[in-house]
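Inspection log for the structure reproduced underneath, given as structure tokens.
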Amino acid sequence: MSESYLDLDVTVRRGEKTLRFSLQADPGETIAVVGPNGAGKSTLLDAVAGTAPTEGSLHVAGQDWRRVPTHRRRVALVHQDHALFPHLSVRANVEYGARARGTGRAEARRRASDLLQLLEVGELAERRPGQLSGGQSQRVALARALATEPEVVLLDEPFAALDVAVAQRLREVLAERLAGFTGVTLLVTHDAVDLFTLADRVLVVEDGAVAQCGTPAEVAALPRTPHAARLVGRNVLHGRATKGRVVLDEGPELVTATPAEGPVLVTFNPSAVTLTTEEPHGSARNRWRTVVRRLVGAGDGATVRAHLGPPTLTVDLTTEAVAELGLHEGGPVWASLKATDVTVQEASA
Amino acid sequence: MSESYLDLDVTVRRGEKTLRFSLQADPGETIAVVGPNGAGKSTLLDAVAGTAPTEGSLHVAGQDWRRVPTHRRRVALVHQDHALFPHLSVRANVEYGARARGTGRAEARRRASDLLQLLEVGELAERRPGQLSGGQSQRVALARALATEPEVVLLDEPFAALDVAVAQRLREVLAERLAGFTGVTLLVTHDAVDLFTLADRVLVVEDGAVAQCGTPAEVAALPRTPHAARLVGRNVLHGRATKGRVVLDEGPELVTATPAEGPVLVTFNPSAVTLTTEEPHGSARNRWRTVVRRLVGAGDGATVRAHLGPPTLTVDLTTEAVAELGLHEGGPVWASLKATDVTVQEASA
Amino acid sequence: MSRAPLRLVVPATVAAVFLVVPVIGLLVDTPWSRFWTVVTGAEALDALRLSVVTALLSTLLCVVLGLPLAWVLARLEFPGRRLLRGLVTVPLVLPPVVGGVALLSALGRNGLLGRPLDDVLGVTLPYTTAAVVVAHTFVSMPFFVISAEGALRAVPSRMETASATLGAGPWLTFRRVSLPLALPGVAAGAVLSFARSLGEFGATITFAGNYPGTTRTMPSEVYTRLQDDRDVAVALSVVLLVVSVAVLVSLRERWLGGLGAA
Amino acid sequence: MSRAPLRLVVPATVAAVFLVVPVIGLLVDTPWSRFWTVVTGAEALDALRLSVVTALLSTLLCVVLGLPLAWVLARLEFPGRRLLRGLVTVPLVLPPVVGGVALLSALGRNGLLGRPLDDVLGVTLPYTTAAVVVAHTFVSMPFFVISAEGALRAVPSRMETASATLGAGPWLTFRRVSLPLALPGVAAGAVLSFARSLGEFGATITFAGNYPGTTRTMPSEVYTRLQDDRDVAVALSVVLLVVSVAVLVSLRERWLGGLGAA
Amino acid sequence: ACGSGGDDEAGSGDDQTLTVLAAASLTESFTDLKKEFEADHEGVKVKLVFDSSAALAELAEQGAPGDVLATADKRTMDEAEANDGTGSDPQQFATNVVTLAVPSANPGKITSFADIAKPGVSYVVCVPSAPCGAASQTLLKSNKITAKPASEETDVKAVLAKVTANEADAGLVYATDVTSAGDDVKGIEVPGAAADPNTYWVAQTSNAKAKDLAGDWIDLMRGADGKKVLTAAGFGTS
Ligand SMILES: Nc1ncnc2c1ncn2[C@@H]1O[C@H](COP(=O)(O)OP(=O)(O)OP(=O)(O)O)[C@@H](O)[C@H]1O
Ligand SMILES: Nc1ncnc2c1ncn2[C@@H]1O[C@H](COP(=O)(O)OP(=O)(O)OP(=O)(O)O)[C@@H](O)[C@H]1O
Ligand code: MOO
Ligand SMILES: [Mg+2]
Ligand SMILES: [Mg+2]
């Protein structure tokens with residue numbers, strides 16, 4: 001018998017690949033699952049829901065779920081492709097789960113109406129899924145999952161097709177719901193915002209295995225995989241370290257403040273990089289002549305992507321700085337970076 | 001005969017709704033199509049592709065496309081739900097378009113291999129779509145569309161299911177492809193990054209009609225719909241203006257520098273808001289006592305969502321500022337905003 | 001809608017002509033002057049009523065028993081499934097008269113099941129109206145099972161797993177998801193088996209005989225009248241034809257309407 | 001795989017028993033001692049060969065003509081489509097003997113099409129092997145068309161529009177997308193029509209006659225022998241049964257294998 | 001319930017119903033006799049069950065409902081008797097003579113039996129296993145005709161249908177068939193046919209419930225009224 005609310009240690013076969021996950025979670029926890037495409041995030045959810053053939057152990061609330069068929073596991077799953085029933089109205093789709101678990105007709109209907117209202121698709125209740133836009137169908141799928149009373153909530157990129165405003169509002173709606181929820185939520189996402197707005201912990205999955213598990217702040221500060229690093233917005237470079245220097249796999253050398261040996265991952269924030277038109281003479285020990293590859297302005301900040309040999313740096317600047325430096329795509333520029341701003345860690349993948 | 005490369009003025013019926021679009025585009029232009037869920041973005045693409053029944057006029061390169069059946073229109077469409085052929089391998093899916101348009105077997109195969117490689121799914125060529133993850137299938141759909149030689153490229157949220165790193169790389173790949181492309185590209189997106197990295201112009205669609213059309217910078221500076229404003233990251237409030245003051249629909253009054261009358265949209269950047277623990281005594285003419293609703297840290301910046309009566313403000317701060325102010329969720333705080341930082345425009349919707 | 005390719009429209013037209021012209025020929029040959037007297041004769045009406053009732057009953061049996069069988073073949077993995085599917089196809093290829101002989105050997109007074117049935121319950125099946133229904137069902141159930149199995153197989157398994165994650169057990173999933181999604185194919189199967197029952201002759205006459213009022217269905221009536229008056233037989237066939245198309249149309253709409261809205 | 005609900009397994013078992021027991025009865029009644037002599041008789045072998053060949057040819061015709069017809073019914077909007085579908089169903093409900101009469105009235109020497117055919121081309125169809133194929137096709141094509149139409153309807157229209165946006169015209173879309181996706185249903189339809197052809201008796205004997213070697217198929221042979229020696233008839237039926245199941249299995253695998261990989 | 005209900009209605013349990021199993025070629029004459037019989041026996045209903053003689057013999061052997069069995073040849077009656085299907089001694093009640101039928105238009109220009117051997121003439125016969133076929137074989141042989149038929153039909157009505165529909169130039173049928181076809185066909189005598197007619201037999205079934213009525217029916221058939229009806233249909237009743 002396990003001590004955690006959710007205690008999982010499973011292997012799943014997908015074609016020739018074998019994926020292996022292990023995870024413990026406490027009641028009320030929301031865990032963001034992140035990782036590159038094809039890492040196995042959806043597969044992990046399938047394993048918990050019992051919709052993929054699974055070996056190993058899986059306990060929820062002290063119950064051995066490997067002996068419980070899918071329809072008796074109290075899960076709520078939002079499929080990545082929604083999987084709405086095409087022959088049922090939106091309302092009937094949402095009522096389905098409650099009805100299947102024995103809720104009365106009136107109560108199921110009330111719950112469905114409330115949820116559809118909450119997700120701002122109340123007026124679509126009588127439509128068929130084929131008559132919905134992508135984002136509308138995404139919201140109905142979310143409503144359908146939330147209409148049941150699950151022990152485990154499994155959300156596979158629930159905000160992917162949503163417009164910004166709705167996504168933001170739904171994050172808040174979900175945050176409120178999850179705050180009062182005593183089960184465990186697994187939320188697959190490619191959006192860093194979800195990590196910081198919804199998650200208690202982040203599970204980083206890479207190549208069919210768990211690569212890291214920690215609080216959002218921990219993962220943001222010290223991401224262990226290139227994907228996690230990029231997700232939280234850091235620059236990521238690969239190289240080999242010897243005595244405080246890192247020879248990048250493609251490109252120049254880099255001076256760091258952390259001693260390390262062997263293959264490493266070097267990460268630093270986009271705002272840690274300073275751009276100048278003249279060669280810089282400050283304290284920054286790393287300086288490279290590069291070329292502005294792309295210049296992107298969003299709101300009143302700007303992002304510069306600069307070539308550093310083949311690797312590309314992402315640099316954040318204010319719009320004024322861009323104007324002052326007279327940056328333009330294809331133009332030359334000096335980039336400098338303090339050794340102390342660089343994080344070095346052993347390469348995990 | 002029209003003068004633009006793409007000249008479109010159509011109405012499309014969807015259920016009881018009638019949608020109406022009009023748009024002119026020059027050769028080589030990439031137009032981002034943005035708007036809330038259900039606004040009609042996918043429908044616009046369908047109208048151009050000829051896969052939705054359409055009235056009105058539609059000319060491409062001087063040809064009347066309303067008389068051209070879909071399969072003779074040289075379009076490349078990435079469906080929001082991918083619509084890969086489940087019975088064909090990934091490779092055969094990608095070869096399909098080229099083969100249908102008469103390209104030889106070897107050439108089609110070469111092109112498919114190149115594209116799959118480019119989109120980093122080369123090793124999945126022999127798989128069936130049912131054996132792909134969500135993001136893998138998204139990339140295959142993109143490859144399939146790009147393998148043809150279209151006059152018009154229609155991309156419906158092509159990066160939606162992609163992981164951050166891949167999305168970023170594919171944006172660059174796409175940017176390069178589109179740079180050399182002489183046709184017109186319509187790119188539906190919910191991500192502001194796409195506006196600034198890929199688009200020459202932005203078409204804002206709202207409730208089945210074009211609400212705004214301009215360069216990304218124009219739309220970012222003066223978004224005409226709440227959705228566009230939120231997309232580019234601005235705070236959006238609704239209210240009624242009288243003599244330089246705006247009475248917000250829900251919440252306090254606001255002083256602005258722009259004279260206006262009647263219903264208005266008030267927008268300002270998250271970084272224009274200053275937070276203090278004491279009542280501020282500076283030049284800022286708008287100041288409110290509010291409560292920190294959520295506190296979100298990403299990388300080394302932080303976003304604060306604060307209650308202003310019912311409307312919520314988004315405020316960007318540095319992590320240090322958060323620590324200095326001792327902000328915590330539920331804690332009180334003063335927000336101030338200069339009248340000159342506020343943009344006022346007549347409400348369009 | 002893009003234009004229809006000639007490569008499809010031309011053979012389709014040939015097929016339609018091929019199927020329709022003989023029916024027209026039949027209508028041309030019909031003795032319209034005597035038509036009314038013929039079709040309102042007591043015997044003809046009896047046979048018609050019997051045919052429609054037994055065909056509907058047998059369709060009902062096909063659905064009630066055949067749908068579960070189709071589901072088992074489509075969804076369960078068990079040893080001998082391929083063999084079972086093969087065996088289910090067998091009545092399809094049996095000439096109907098032989099089907100009747102086979103039914104006698106199974107359910108006749110001295111049959112494998114017929115003898116215990118007779119000894120224990122005192123029920124003899126052959127030569128009764130029930131035997132007509134049994135013969136129809138035996139001949140037409142394979143049509144239903146094969147159509148329905150194909151339709152059930154075509155239901156995406158994602159739909160069924162989605163239903164399971166929402167707490168629906170296999171039975172509820174079958175009833176509320178798989179069956180509605182497979183409905184067009186299932187309905188087509190029911191149409192096929194109803195039609196086959198209506199036209200069936202060989203197995204019925206062999207297993208159930210040709211007793212007016214109890215086992216003489218329209219095809220048997222037509223066969224009988226073919227012996228003495230070909231015109232009457234043709235007129236009866238036309239009636240069968242009209243009635244069955246009418247039943248099919250109303251059945252199809254009632255059924256599809258009813259289940260679709262459920 | 002979750003457990004099978006009894007509500008489905010029990011009726012499925014009843015259905016399977018109902019379909020299988022008569023076949024077992026037939027096997028029990030088979031005169032095994034004379035079996036070999038009977039089935040290797042020249043007449044039996046002739047009839048068997050003829051049956052298999054004509055049934056295969058007619059299945060081919062059903063597919064070649066019926067598939068386009070199914071597509072037209074499933075995908076084209078035109079006035080009279082519902083009527084056409086109704087008419088296509090008619091041969092299904094016609095008792096087979098009447099089907100034969102109808103074919104004679106259309107394609108016989110004095111038939112609507114038969115007379116011009118005879119006058120102009122000097123071709124008379126009845127009593128030839130071709131007539132057997134025609135009779136089989138007439139009776140079994142509706143089975144194919146209804147199954148195939150259902151399967152084509154079930155192909156999501158998104159797949160067809162996706163194909164069109166990739167530059168594929170309706171014909172290519174049909175060949176490379178709609179047909180492969182509908183293949184299970186289409187194959188089931190072909191199985192049904194092949195099986196129906198193999199067992200068909202009434203229409204064949206009426207339209208094509210019963211001449212050994214050219215038009216006497218297995219069912220006619222069986223029927224003929226039923227008049228004088230029931231044992232022989234049963235033995236022949238068993239042969240028909242075994243051969244047809246063998247053909248079905250190999251056909252099914254070849255076809256599904258072949259097209260699936262295309 | 002349906003099973004036993006059907007059984008009752010089929011009539012063997014009810015004295016007021018007489019069920020007659022009759023060869024298909026007797027359809028017209030027995031339908032006439034039924035009217036006469038019902039007029040003579042108030043409250044009695046006659047059920048006529050037509051099928052091939054072999055199928056009827058099978059019915060009698062299986063104990064299917066039926067009081068009287070009338071077959072179109074001796075062999076099937078013998079078979080029924082041998083398998084305990086009969087409840088009284090079979091009696092011959094009619095004969096039928098093989099005749100050549102040609103369409104009234106006579107496309108083959110046939111005037112004698114020997115003409116069917118002319119090149120280009122298509123004729124049809126019954127299968128040898130059917131009674132009419134066996135008789136035809138004998139006659140073709142005795143008349144030294146070797147030309148092959150276009151088809152061997154399973155029963156004589158199928159042969160007649162081919163001739164009436166003008167699909168065949170000639171067909172070997174029974175005299176009764178020529179009579180029933182009326183103006184559609186012409187009959188041509190077959191040399192030697194009258195000497196070796198086909199015989200019709202009748203008996204009570206072993207399962208007969210309405211034994212008295214069955215006797216009455218057999219008497220009617222074999223009496224003057226029966227002979228009149230049978231003769232009118234083209235049977236011989238000597
Ligand atoms: N049926 C299958 N057969 C073979 N391989 C499969 C099958 N289904 C999935 N896979 C593979 O298993 C791996 C994990 O897939 P999964 O869907 O869990 O990825 P994911 O992390 O959800 O990715 P994404 O972000 O793209 O949705 C992928 O590499 C995928 O290609
Ligand atoms: N078949 C249909 N019948 C009725 N209404 C439909 C149908 N298809 C789409 N709609 C409606 O038409 C509107 C436009 O849909 P469309 O798919 O173009 O939206 P969209 O802008 O692409 O949204 P999203 O961002 O959610 O993908 C929506 O309100 C949708 O509900
Ligand atoms: O093939 Mo049949 O008995 O004539 O239906
Ligand atoms: Mg996934
Ligand atoms: Mg859309």
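Letters A, B, ... go to the chains of the structure tokens in the order shown; residues in each chain start at 1; ligands are counted from 1 in the same order.
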
May I have the residues within 6 Å of ligand 1, computed using only C-alpha atoms and all ligand atoms, as a PDB file with all heavy atoms, in the first residue's frame?
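See pocket_25.pdb below for the written result:
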ATOM      1  N   ARG A  14       4.509   1.583 -26.581  1.00  0.00           N
ATOM      2  CA  ARG A  14       3.897   2.306 -27.712  1.00  0.00           C
ATOM      3  C   ARG A  14       4.690   1.894 -28.937  1.00  0.00           C
ATOM      4  O   ARG A  14       5.816   2.340 -29.116  1.00  0.00           O
ATOM      5  CB  ARG A  14       4.053   3.816 -27.537  1.00  0.00           C
ATOM      6  CG  ARG A  14       3.026   4.464 -26.675  1.00  0.00           C
ATOM      7  CD  ARG A  14       1.773   4.728 -27.488  1.00  0.00           C
ATOM      8  NE  ARG A  14       0.875   5.628 -26.804  1.00  0.00           N
ATOM      9  CZ  ARG A  14      -0.381   5.286 -26.472  1.00  0.00           C
ATOM     10  NH1 ARG A  14      -0.848   4.100 -26.734  1.00  0.00           N
ATOM     11  NH2 ARG A  14      -1.149   6.163 -25.879  1.00  0.00           N
ATOM     12  N   GLY A  15       4.121   1.030 -29.777  1.00  0.00           N
ATOM     13  CA  GLY A  15       4.907   0.540 -30.910  1.00  0.00           C
ATOM     14  C   GLY A  15       6.134  -0.178 -30.381  1.00  0.00           C
ATOM     15  O   GLY A  15       6.039  -1.028 -29.494  1.00  0.00           O
ATOM     16  N   PRO A  36       9.044  17.703 -24.707  1.00  0.00           N
ATOM     17  CA  PRO A  36       8.911  17.904 -26.159  1.00  0.00           C
ATOM     18  C   PRO A  36       7.829  17.006 -26.760  1.00  0.00           C
ATOM     19  O   PRO A  36       7.353  16.080 -26.118  1.00  0.00           O
ATOM     20  CB  PRO A  36      10.295  17.532 -26.692  1.00  0.00           C
ATOM     21  CG  PRO A  36      11.024  16.868 -25.597  1.00  0.00           C
ATOM     22  CD  PRO A  36      10.337  17.170 -24.304  1.00  0.00           C
ATOM     23  N   ASN A  37       7.457  17.299 -27.992  1.00  0.00           N
ATOM     24  CA  ASN A  37       6.488  16.465 -28.702  1.00  0.00           C
ATOM     25  C   ASN A  37       6.991  15.040 -28.773  1.00  0.00           C
ATOM     26  O   ASN A  37       8.152  14.790 -29.065  1.00  0.00           O
ATOM     27  CB  ASN A  37       6.286  16.951 -30.144  1.00  0.00           C
ATOM     28  CG  ASN A  37       5.599  18.307 -30.209  1.00  0.00           C
ATOM     29  OD1 ASN A  37       6.000  19.170 -30.983  1.00  0.00           O
ATOM     30  ND2 ASN A  37       4.575  18.483 -29.410  1.00  0.00           N
ATOM     31  N   GLY A  38       6.100  14.120 -28.490  1.00  0.00           N
ATOM     32  CA  GLY A  38       6.462  12.718 -28.581  1.00  0.00           C
ATOM     33  C   GLY A  38       7.191  12.210 -27.362  1.00  0.00           C
ATOM     34  O   GLY A  38       7.657  11.073 -27.341  1.00  0.00           O
ATOM     35  N   ALA A  39       7.301  13.029 -26.305  1.00  0.00           N
ATOM     36  CA  ALA A  39       8.029  12.601 -25.107  1.00  0.00           C
ATOM     37  C   ALA A  39       7.253  11.531 -24.349  1.00  0.00           C
ATOM     38  O   ALA A  39       7.839  10.670 -23.699  1.00  0.00           O
ATOM     39  CB  ALA A  39       8.283  13.790 -24.201  1.00  0.00           C
ATOM     40  N   GLY A  40       5.935  11.600 -24.424  1.00  0.00           N
ATOM     41  CA  GLY A  40       5.139  10.595 -23.732  1.00  0.00           C
ATOM     42  C   GLY A  40       4.140  11.192 -22.757  1.00  0.00           C
ATOM     43  O   GLY A  40       3.621  10.483 -21.895  1.00  0.00           O
ATOM     44  N   LYS A  41       3.849  12.465 -22.901  1.00  0.00           N
ATOM     45  CA  LYS A  41       2.939  13.127 -21.963  1.00  0.00           C
ATOM     46  C   LYS A  41       1.530  12.538 -22.071  1.00  0.00           C
ATOM     47  O   LYS A  41       0.922  12.151 -21.071  1.00  0.00           O
ATOM     48  CB  LYS A  41       2.906  14.634 -22.259  1.00  0.00           C
ATOM     49  CG  LYS A  41       4.283  15.288 -22.197  1.00  0.00           C
ATOM     50  CD  LYS A  41       4.231  16.759 -22.500  1.00  0.00           C
ATOM     51  CE  LYS A  41       3.813  17.095 -23.925  1.00  0.00           C
ATOM     52  NZ  LYS A  41       4.692  16.573 -24.981  1.00  0.00           N
ATOM     53  N   SER A  42       1.019  12.461 -23.296  1.00  0.00           N
ATOM     54  CA  SER A  42      -0.323  11.910 -23.474  1.00  0.00           C
ATOM     55  C   SER A  42      -0.365  10.449 -23.039  1.00  0.00           C
ATOM     56  O   SER A  42      -1.355   9.977 -22.473  1.00  0.00           O
ATOM     57  CB  SER A  42      -0.754  12.017 -24.934  1.00  0.00           C
ATOM     58  OG  SER A  42      -0.768  13.367 -25.349  1.00  0.00           O
ATOM     59  N   THR A  43       0.750   9.759 -23.285  1.00  0.00           N
ATOM     60  CA  THR A  43       0.820   8.361 -22.900  1.00  0.00           C
ATOM     61  C   THR A  43       0.719   8.208 -21.387  1.00  0.00           C
ATOM     62  O   THR A  43       0.056   7.296 -20.885  1.00  0.00           O
ATOM     63  CB  THR A  43       2.131   7.744 -23.417  1.00  0.00           C
ATOM     64  OG1 THR A  43       2.190   7.964 -24.828  1.00  0.00           O
ATOM     65  CG2 THR A  43       2.203   6.267 -23.126  1.00  0.00           C
TER      66      THR A  43
ATOM     67  N   GLY B 130      -2.188   7.410 -36.847  1.00  0.00           N
ATOM     68  CA  GLY B 130      -2.676   6.960 -35.539  1.00  0.00           C
ATOM     69  C   GLY B 130      -1.563   6.651 -34.561  1.00  0.00           C
ATOM     70  O   GLY B 130      -1.810   6.482 -33.378  1.00  0.00           O
ATOM     71  N   GLN B 131      -0.338   6.569 -35.064  1.00  0.00           N
ATOM     72  CA  GLN B 131       0.781   6.236 -34.184  1.00  0.00           C
ATOM     73  C   GLN B 131       1.635   7.453 -33.863  1.00  0.00           C
ATOM     74  O   GLN B 131       2.781   7.326 -33.476  1.00  0.00           O
ATOM     75  CB  GLN B 131       1.652   5.169 -34.843  1.00  0.00           C
ATOM     76  CG  GLN B 131       0.882   3.913 -35.197  1.00  0.00           C
ATOM     77  CD  GLN B 131       1.708   2.966 -36.028  1.00  0.00           C
ATOM     78  OE1 GLN B 131       2.429   3.382 -36.926  1.00  0.00           O
ATOM     79  NE2 GLN B 131       1.595   1.686 -35.744  1.00  0.00           N
ATOM     80  N   LEU B 132       1.069   8.635 -34.052  1.00  0.00           N
ATOM     81  CA  LEU B 132       1.830   9.853 -33.788  1.00  0.00           C
ATOM     82  C   LEU B 132       1.293  10.540 -32.547  1.00  0.00           C
ATOM     83  O   LEU B 132       0.118  10.415 -32.203  1.00  0.00           O
ATOM     84  CB  LEU B 132       1.688  10.816 -34.969  1.00  0.00           C
ATOM     85  CG  LEU B 132       2.159  10.318 -36.326  1.00  0.00           C
ATOM     86  CD1 LEU B 132       1.913  11.392 -37.369  1.00  0.00           C
ATOM     87  CD2 LEU B 132       3.616   9.923 -36.291  1.00  0.00           C
ATOM     88  N   SER B 133       2.163  11.313 -31.910  1.00  0.00           N
ATOM     89  CA  SER B 133       1.680  12.172 -30.833  1.00  0.00           C
ATOM     90  C   SER B 133       1.050  13.414 -31.454  1.00  0.00           C
ATOM     91  O   SER B 133       1.162  13.655 -32.651  1.00  0.00           O
ATOM     92  CB  SER B 133       2.839  12.560 -29.924  1.00  0.00           C
ATOM     93  OG  SER B 133       3.591  13.600 -30.518  1.00  0.00           O
ATOM     94  N   GLY B 134       0.386  14.211 -30.621  1.00  0.00           N
ATOM     95  CA  GLY B 134      -0.306  15.388 -31.129  1.00  0.00           C
ATOM     96  C   GLY B 134       0.610  16.328 -31.908  1.00  0.00           C
ATOM     97  O   GLY B 134       0.278  16.767 -33.006  1.00  0.00           O
ATOM     98  N   GLY B 135       1.770  16.628 -31.337  1.00  0.00           N
ATOM     99  CA  GLY B 135       2.676  17.562 -31.989  1.00  0.00           C
ATOM    100  C   GLY B 135       3.306  16.974 -33.236  1.00  0.00           C
ATOM    101  O   GLY B 135       3.570  17.678 -34.213  1.00  0.00           O
ATOM    102  N   GLN B 136       3.544  15.671 -33.218  1.00  0.00           N
ATOM    103  CA  GLN B 136       4.102  15.026 -34.411  1.00  0.00           C
ATOM    104  C   GLN B 136       3.105  15.113 -35.554  1.00  0.00           C
ATOM    105  O   GLN B 136       3.465  15.404 -36.700  1.00  0.00           O
ATOM    106  CB  GLN B 136       4.447  13.564 -34.090  1.00  0.00           C
ATOM    107  CG  GLN B 136       5.640  13.431 -33.135  1.00  0.00           C
ATOM    108  CD  GLN B 136       5.774  12.034 -32.528  1.00  0.00           C
ATOM    109  OE1 GLN B 136       4.825  11.248 -32.537  1.00  0.00           O
ATOM    110  NE2 GLN B 136       6.947  11.737 -31.993  1.00  0.00           N
TER     111      GLN B 136
END

Counting only C-alpha atoms, which residues of chain E come no farther than 8 Å from chain D, as number ranges by chain? E: 54-55, 127, 129-130, 150-154, 158, 165-167

Where does DSSP see strand (DSSP E or B) in range 48-165 of chain E, if you list the residues as a PyMOL selection string? chain E and resi 48-51+68-71+86+91-96+98-103+123-126+151-153

Would you list the contacts of Leu119 in chain B as a PyMOL selection string, taking every protein, DNA or RNA residue within 9 Å and counting only C-alpha atoms, but skipping same-chain residues closer than 2 positions in sequence? chain B and resi 114-117+121-122+139-140+142-143+166+169-170+173

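Residue neighbourhood of Ala70 in chain D, excluding near-sequence residues (fewer than 2 positions): Ala12 of chain C; Leu65, Gly66, Leu67, Pro68, Val72, Leu73, Ala74, Arg75, Phe144, Val145, Ile146, Ser147, Ala148, Glu149, Gly150 and Leu152 of chain D, at 9 Å, using only C-alpha atoms.
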
Can those selected residues be exported to a file as a CSV table (one decimal), in the first residue's frame so that it contains N, CA and C atoms?
chain,number,residue,atom,x,y,z
C,12,ALA,N,-22.1,3.8,-63.1
C,12,ALA,CA,-23.3,3.9,-62.2
C,12,ALA,C,-24.6,3.9,-63.0
D,65,LEU,N,-19.6,-2.3,-61.4
D,65,LEU,CA,-20.8,-1.4,-61.6
D,65,LEU,C,-21.4,-0.8,-60.4
D,66,GLY,N,-21.4,-1.7,-59.3
D,66,GLY,CA,-22.1,-1.3,-58.1
D,66,GLY,C,-21.4,-0.2,-57.3
D,67,LEU,N,-20.1,-0.3,-57.3
D,67,LEU,CA,-19.3,0.7,-56.5
D,67,LEU,C,-19.6,2.1,-57.0
D,68,PRO,N,-19.5,2.4,-58.3
D,68,PRO,CA,-19.9,3.7,-58.8
D,68,PRO,C,-21.3,4.1,-58.5
D,72,VAL,N,-22.5,7.3,-56.3
D,72,VAL,CA,-23.4,8.3,-56.8
D,72,VAL,C,-24.5,8.4,-55.7
D,73,LEU,N,-25.0,7.3,-55.2
D,73,LEU,CA,-26.1,7.4,-54.2
D,73,LEU,C,-25.6,8.1,-52.9
D,74,ALA,N,-24.3,7.9,-52.6
D,74,ALA,CA,-23.8,8.4,-51.3
D,74,ALA,C,-23.4,9.9,-51.4
D,75,ARG,N,-22.9,10.3,-52.6
D,75,ARG,CA,-22.3,11.6,-52.6
D,75,ARG,C,-22.9,12.6,-53.5
D,144,PHE,N,-24.6,-5.6,-52.5
D,144,PHE,CA,-23.4,-4.9,-52.6
D,144,PHE,C,-23.6,-3.4,-52.5
D,145,VAL,N,-24.5,-2.9,-53.3
D,145,VAL,CA,-24.7,-1.4,-53.4
D,145,VAL,C,-25.1,-0.9,-52.0
D,146,ILE,N,-26.0,-1.5,-51.3
D,146,ILE,CA,-26.5,-1.0,-50.1
D,146,ILE,C,-25.3,-1.0,-49.0
D,147,SER,N,-24.5,-2.1,-49.0
D,147,SER,CA,-23.4,-2.1,-48.1
D,147,SER,C,-22.4,-1.0,-48.4
D,148,ALA,N,-22.1,-1.0,-49.7
D,148,ALA,CA,-21.0,0.0,-50.1
D,148,ALA,C,-21.4,1.4,-49.9
D,149,GLU,N,-22.7,1.7,-50.2
D,149,GLU,CA,-23.2,3.1,-50.0
D,149,GLU,C,-23.0,3.4,-48.5
D,150,GLY,N,-23.5,2.5,-47.6
D,150,GLY,CA,-23.3,2.8,-46.2
D,150,GLY,C,-21.9,3.1,-45.8
D,152,LEU,N,-19.4,4.1,-47.8
D,152,LEU,CA,-18.9,5.4,-48.4
D,152,LEU,C,-19.5,6.6,-47.6
